[in-house]
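Student: My structure is below; once you've seen it, I'll send some questions.
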Amino acid sequence: MPRGSRSQPAESASTDDARERILAAAERCIDRHGIRKTTMDDIASEVGLSRPSVYRYFADRDDLLIELNMRHARAMFNRAHKSMSRQTNFPDQVIEGLLYAADHGRRDPLTRYVIDPDGTNLGRRMIASGTSGLLRAEFFDPYLDAAIANNELPPGLPRADIYLWLGNLARMVMRGLEDGDGDLKRYRSILRRFVAPAFAGSTAT
């Protein structure tokens, strides 16, 4: 066995451990200060490292926050998919997914950036890096694929357009819930009146 070959997994494990500790520290800082006010100095102090040491593992603050956003989003997706899978047809699956994402996105500042990547540097970075599109695909693709297999959707619909439209709907519902324009019951009724027929009509080609 070549010299040093045993050290590589140990170094990788050490790197993973350091990243995990930094991410956990960042979450604690965000809980205390909010996502906008949390700085790399805050995170470094919380984890007990120097700021340059934190930069060894994350290129910058946005890089770190994007990693956290993705983790929070995927955890939310897992929970949302359980709710969606209880629905018997594709339109209702989409509606329940939108409602779940909007309701939980408004409560979690990290998940929120996935639903509403606003005009901040972080939001622009998530869009430019393709992270927002990737996460939307992960959220909706299992149900879009199943709908096509079940002849509930034609196969030629542009996925990017579907992601954009559904993402905008989730953002609208989230902001409406925050502003008090309606509750989940009202938005469920609205989505059933307007979103469900849109998908039903898409099979008529």
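Labels used: A, B, ... for chains in the order of the structure tokens, numbers from 1 for residues in each chain, and numbers from 1 for ligands as shown.
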List as a PyMOL selection string the protein and nucleic acid residues near Asp116 (chain A), meaning an atom at most 9 Å away when only C-alpha atoms are counted, but skip any in the same chain fewer than 2 places from it.
Tutor: chain A and resi 105+111-114+118+123+167-168+170-171+174
Student: Residues within 9 Å of Leu68 (chain A), please, as a ChimeraX atom specification. Count only C-alpha atoms; anything in the same chain fewer than 3 positions from it doesn't count.
Tutor: /A:23,26-27,63-65,71-73,110-111
Student: Pull C-alpha atoms from the residues just selected and write them as a PDB file, in the first residue's frame.
Tutor:
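Written file, part17.pdb:
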```pdb
ATOM      1  CA  LEU A  23     -22.702  24.856   9.548  1.00  0.00           C
ATOM      2  CA  ALA A  26     -23.988  29.254  11.481  1.00  0.00           C
ATOM      3  CA  GLU A  27     -27.473  27.946  12.266  1.00  0.00           C
ATOM      4  CA  ASP A  63     -21.274  29.753  -0.211  1.00  0.00           C
ATOM      5  CA  LEU A  64     -21.887  28.713   3.396  1.00  0.00           C
ATOM      6  CA  LEU A  65     -25.471  29.966   3.418  1.00  0.00           C
ATOM      7  CA  ARG A  71     -29.992  21.248   3.563  1.00  0.00           C
ATOM      8  CA  HIS A  72     -33.033  22.968   4.995  1.00  0.00           C
ATOM      9  CA  ALA A  73     -34.840  22.805   1.658  1.00  0.00           C
ATOM     10  CA  LEU A 110     -33.186  29.491   5.209  1.00  0.00           C
ATOM     11  CA  THR A 111     -35.903  27.625   3.334  1.00  0.00           C
TER      12      THR A 111
END
```
Student: Could you give me, as a list in words, the residues within 10 Å of region 125-138 of chain A, counting only C-alpha atoms and dropping anything in the same chain fewer than 4 positions from it?
Tutor: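 Once the nearby chain positions are removed, what remains is Asp62, Asp63, Leu65, Ile66, Glu67, Asn69, Met70, Ala73, Arg74, Phe77, Tyr113, Val114, Ile115, Asp116, Pro117, Asp118, Gly119, Thr120, Asn121, Pro142, Tyr143, Leu144, Arg159, Ala160, Ile162, Tyr163, Leu164, Leu166 and Gly167 of chain A.
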Student: Go ahead and write the residues just picked, N, CA and C atoms, as an mmCIF file, in the first residue's frame.
Tutor:
```cif
data_model
loop_
_atom_site.group_PDB
_atom_site.id
_atom_site.type_symbol
_atom_site.label_atom_id
_atom_site.label_comp_id
_atom_site.auth_asym_id
_atom_site.auth_seq_id
_atom_site.Cartn_x
_atom_site.Cartn_y
_atom_site.Cartn_z
ATOM 1 N N ASP A 62 -21.845 33.608 1.340
ATOM 2 C CA ASP A 62 -22.930 33.088 0.516
ATOM 3 C C ASP A 62 -22.757 31.603 0.227
ATOM 4 N N ASP A 63 -21.536 31.170 0.019
ATOM 5 C CA ASP A 63 -21.274 29.753 -0.211
ATOM 6 C C ASP A 63 -21.747 28.928 0.982
ATOM 7 N N LEU A 65 -24.025 29.867 3.269
ATOM 8 C CA LEU A 65 -25.471 29.966 3.418
ATOM 9 C C LEU A 65 -26.211 29.147 2.364
ATOM 10 N N ILE A 66 -25.662 29.061 1.167
ATOM 11 C CA ILE A 66 -26.288 28.231 0.138
ATOM 12 C C ILE A 66 -26.292 26.771 0.568
ATOM 13 N N GLU A 67 -25.189 26.322 1.174
ATOM 14 C CA GLU A 67 -25.143 24.949 1.684
ATOM 15 C C GLU A 67 -26.230 24.732 2.733
ATOM 16 N N ASN A 69 -29.021 26.489 3.042
ATOM 17 C CA ASN A 69 -30.311 26.578 2.361
ATOM 18 C C ASN A 69 -30.680 25.236 1.739
ATOM 19 N N MET A 70 -29.719 24.620 1.080
ATOM 20 C CA MET A 70 -29.983 23.350 0.410
ATOM 21 C C MET A 70 -30.359 22.270 1.419
ATOM 22 N N ALA A 73 -33.856 23.042 2.710
ATOM 23 C CA ALA A 73 -34.840 22.805 1.658
ATOM 24 C C ALA A 73 -35.084 21.319 1.471
ATOM 25 N N ARG A 74 -34.021 20.529 1.440
ATOM 26 C CA ARG A 74 -34.191 19.087 1.223
ATOM 27 C C ARG A 74 -34.901 18.413 2.391
ATOM 28 N N PHE A 77 -38.427 19.248 1.780
ATOM 29 C CA PHE A 77 -38.958 18.464 0.673
ATOM 30 C C PHE A 77 -39.392 17.078 1.146
ATOM 31 N N TYR A 113 -35.364 31.369 1.257
ATOM 32 C CA TYR A 113 -34.578 31.813 0.113
ATOM 33 C C TYR A 113 -34.722 30.888 -1.083
ATOM 34 N N VAL A 114 -35.123 29.647 -0.838
ATOM 35 C CA VAL A 114 -35.372 28.730 -1.947
ATOM 36 C C VAL A 114 -36.671 29.113 -2.647
ATOM 37 N N ILE A 115 -37.676 29.500 -1.873
ATOM 38 C CA ILE A 115 -38.964 29.882 -2.431
ATOM 39 C C ILE A 115 -38.935 31.303 -2.975
ATOM 40 N N ASP A 116 -38.236 32.165 -2.287
ATOM 41 C CA ASP A 116 -38.220 33.584 -2.665
ATOM 42 C C ASP A 116 -36.786 34.108 -2.670
ATOM 43 N N PRO A 117 -35.987 33.747 -3.708
ATOM 44 C CA PRO A 117 -34.621 34.275 -3.790
ATOM 45 C C PRO A 117 -34.659 35.747 -4.189
ATOM 46 N N ASP A 118 -34.723 36.610 -3.173
ATOM 47 C CA ASP A 118 -34.970 38.026 -3.395
ATOM 48 C C ASP A 118 -33.751 38.716 -4.003
ATOM 49 N N GLY A 119 -33.754 40.037 -4.000
ATOM 50 C CA GLY A 119 -32.715 40.795 -4.665
ATOM 51 C C GLY A 119 -31.414 40.929 -3.911
ATOM 52 N N THR A 120 -31.237 40.203 -2.811
ATOM 53 C CA THR A 120 -29.972 40.257 -2.079
ATOM 54 C C THR A 120 -28.891 39.517 -2.863
ATOM 55 N N ASN A 121 -27.641 39.705 -2.438
ATOM 56 C CA ASN A 121 -26.540 38.980 -3.080
ATOM 57 C C ASN A 121 -26.756 37.477 -2.997
ATOM 58 N N PRO A 142 -40.274 14.273 -9.146
ATOM 59 C CA PRO A 142 -40.885 12.962 -8.913
ATOM 60 C C PRO A 142 -42.370 12.928 -9.280
ATOM 61 N N TYR A 143 -43.065 14.036 -9.062
ATOM 62 C CA TYR A 143 -44.496 14.082 -9.330
ATOM 63 C C TYR A 143 -44.774 14.409 -10.796
ATOM 64 N N LEU A 144 -43.931 15.225 -11.405
ATOM 65 C CA LEU A 144 -44.065 15.476 -12.841
ATOM 66 C C LEU A 144 -43.798 14.203 -13.624
ATOM 67 N N ARG A 159 -39.893 21.812 -18.742
ATOM 68 C CA ARG A 159 -39.775 21.748 -17.278
ATOM 69 C C ARG A 159 -39.395 23.112 -16.695
ATOM 70 N N ALA A 160 -38.506 23.831 -17.365
ATOM 71 C CA ALA A 160 -38.079 25.123 -16.821
ATOM 72 C C ALA A 160 -39.273 26.063 -16.655
ATOM 73 N N ILE A 162 -42.405 25.097 -16.135
ATOM 74 C CA ILE A 162 -43.212 24.592 -15.021
ATOM 75 C C ILE A 162 -42.596 25.008 -13.694
ATOM 76 N N TYR A 163 -41.261 24.850 -13.580
ATOM 77 C CA TYR A 163 -40.585 25.247 -12.336
ATOM 78 C C TYR A 163 -40.808 26.731 -12.055
ATOM 79 N N LEU A 164 -40.681 27.544 -13.097
ATOM 80 C CA LEU A 164 -40.834 28.990 -12.919
ATOM 81 C C LEU A 164 -42.241 29.326 -12.462
ATOM 82 N N LEU A 166 -44.594 27.332 -11.040
ATOM 83 C CA LEU A 166 -44.908 26.821 -9.709
ATOM 84 C C LEU A 166 -44.120 27.565 -8.633
ATOM 85 N N GLY A 167 -42.885 27.923 -8.930
ATOM 86 C CA GLY A 167 -42.107 28.703 -7.971
ATOM 87 C C GLY A 167 -42.743 30.053 -7.698
#
```
Student: Using only C-alpha atoms, find the one residue out of A:Leu184, A:Val54, A:Ala146, A:Leu177 that sits nearest to Gln93 (chain A).
Tutor: A:Ala146
Student: Which distance in Å separates CA of Asp145 (chain A) and CA of Met76 (chain A), to one decimal?
Tutor: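 Separating CA of Asp145 (chain A) from CA of Met76 (chain A) is a distance of 20.1 Å.
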Student: What gap, in Å, lies between CA of Pro91 (chain A) and CA of Ala196 (chain A)?
Tutor: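 About the pair CA of Pro91 (chain A) and CA of Ala196 (chain A): they are 4.9 Å apart.
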Student: So how many Å separate CA of Leu49 (chain A) and CA of Arg124 (chain A), to one decimal?
Tutor: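 Pair CA of Leu49 (chain A) / CA of Arg124 (chain A) returns 28.4 Å.
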Student: Considering only C-alpha atoms, can you say which of A:Leu122, A:Tyr187, A:Asp179, A:Val173 comes closest to Ile35 (chain A)?
Tutor: A:Leu122
Student: Which residue out of A:Arg79, A:Arg21, A:Met172, A:Arg61 has the minimum interatomic distance to Lys37 (chain A) when only C-alpha atoms are used?
Tutor: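 Result for the nearest residue to Lys37 (chain A): A:Arg61.
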Student: Can you list, as a VMD selection string, every protein, DNA or RNA residue that comes within 8 Å of Val94 (chain A) when you count only C-alpha atoms, leaving out same-chain residues fewer than 2 positions away?
Tutor: chain A and resid 84 90 to 92 96 to 98 140 143
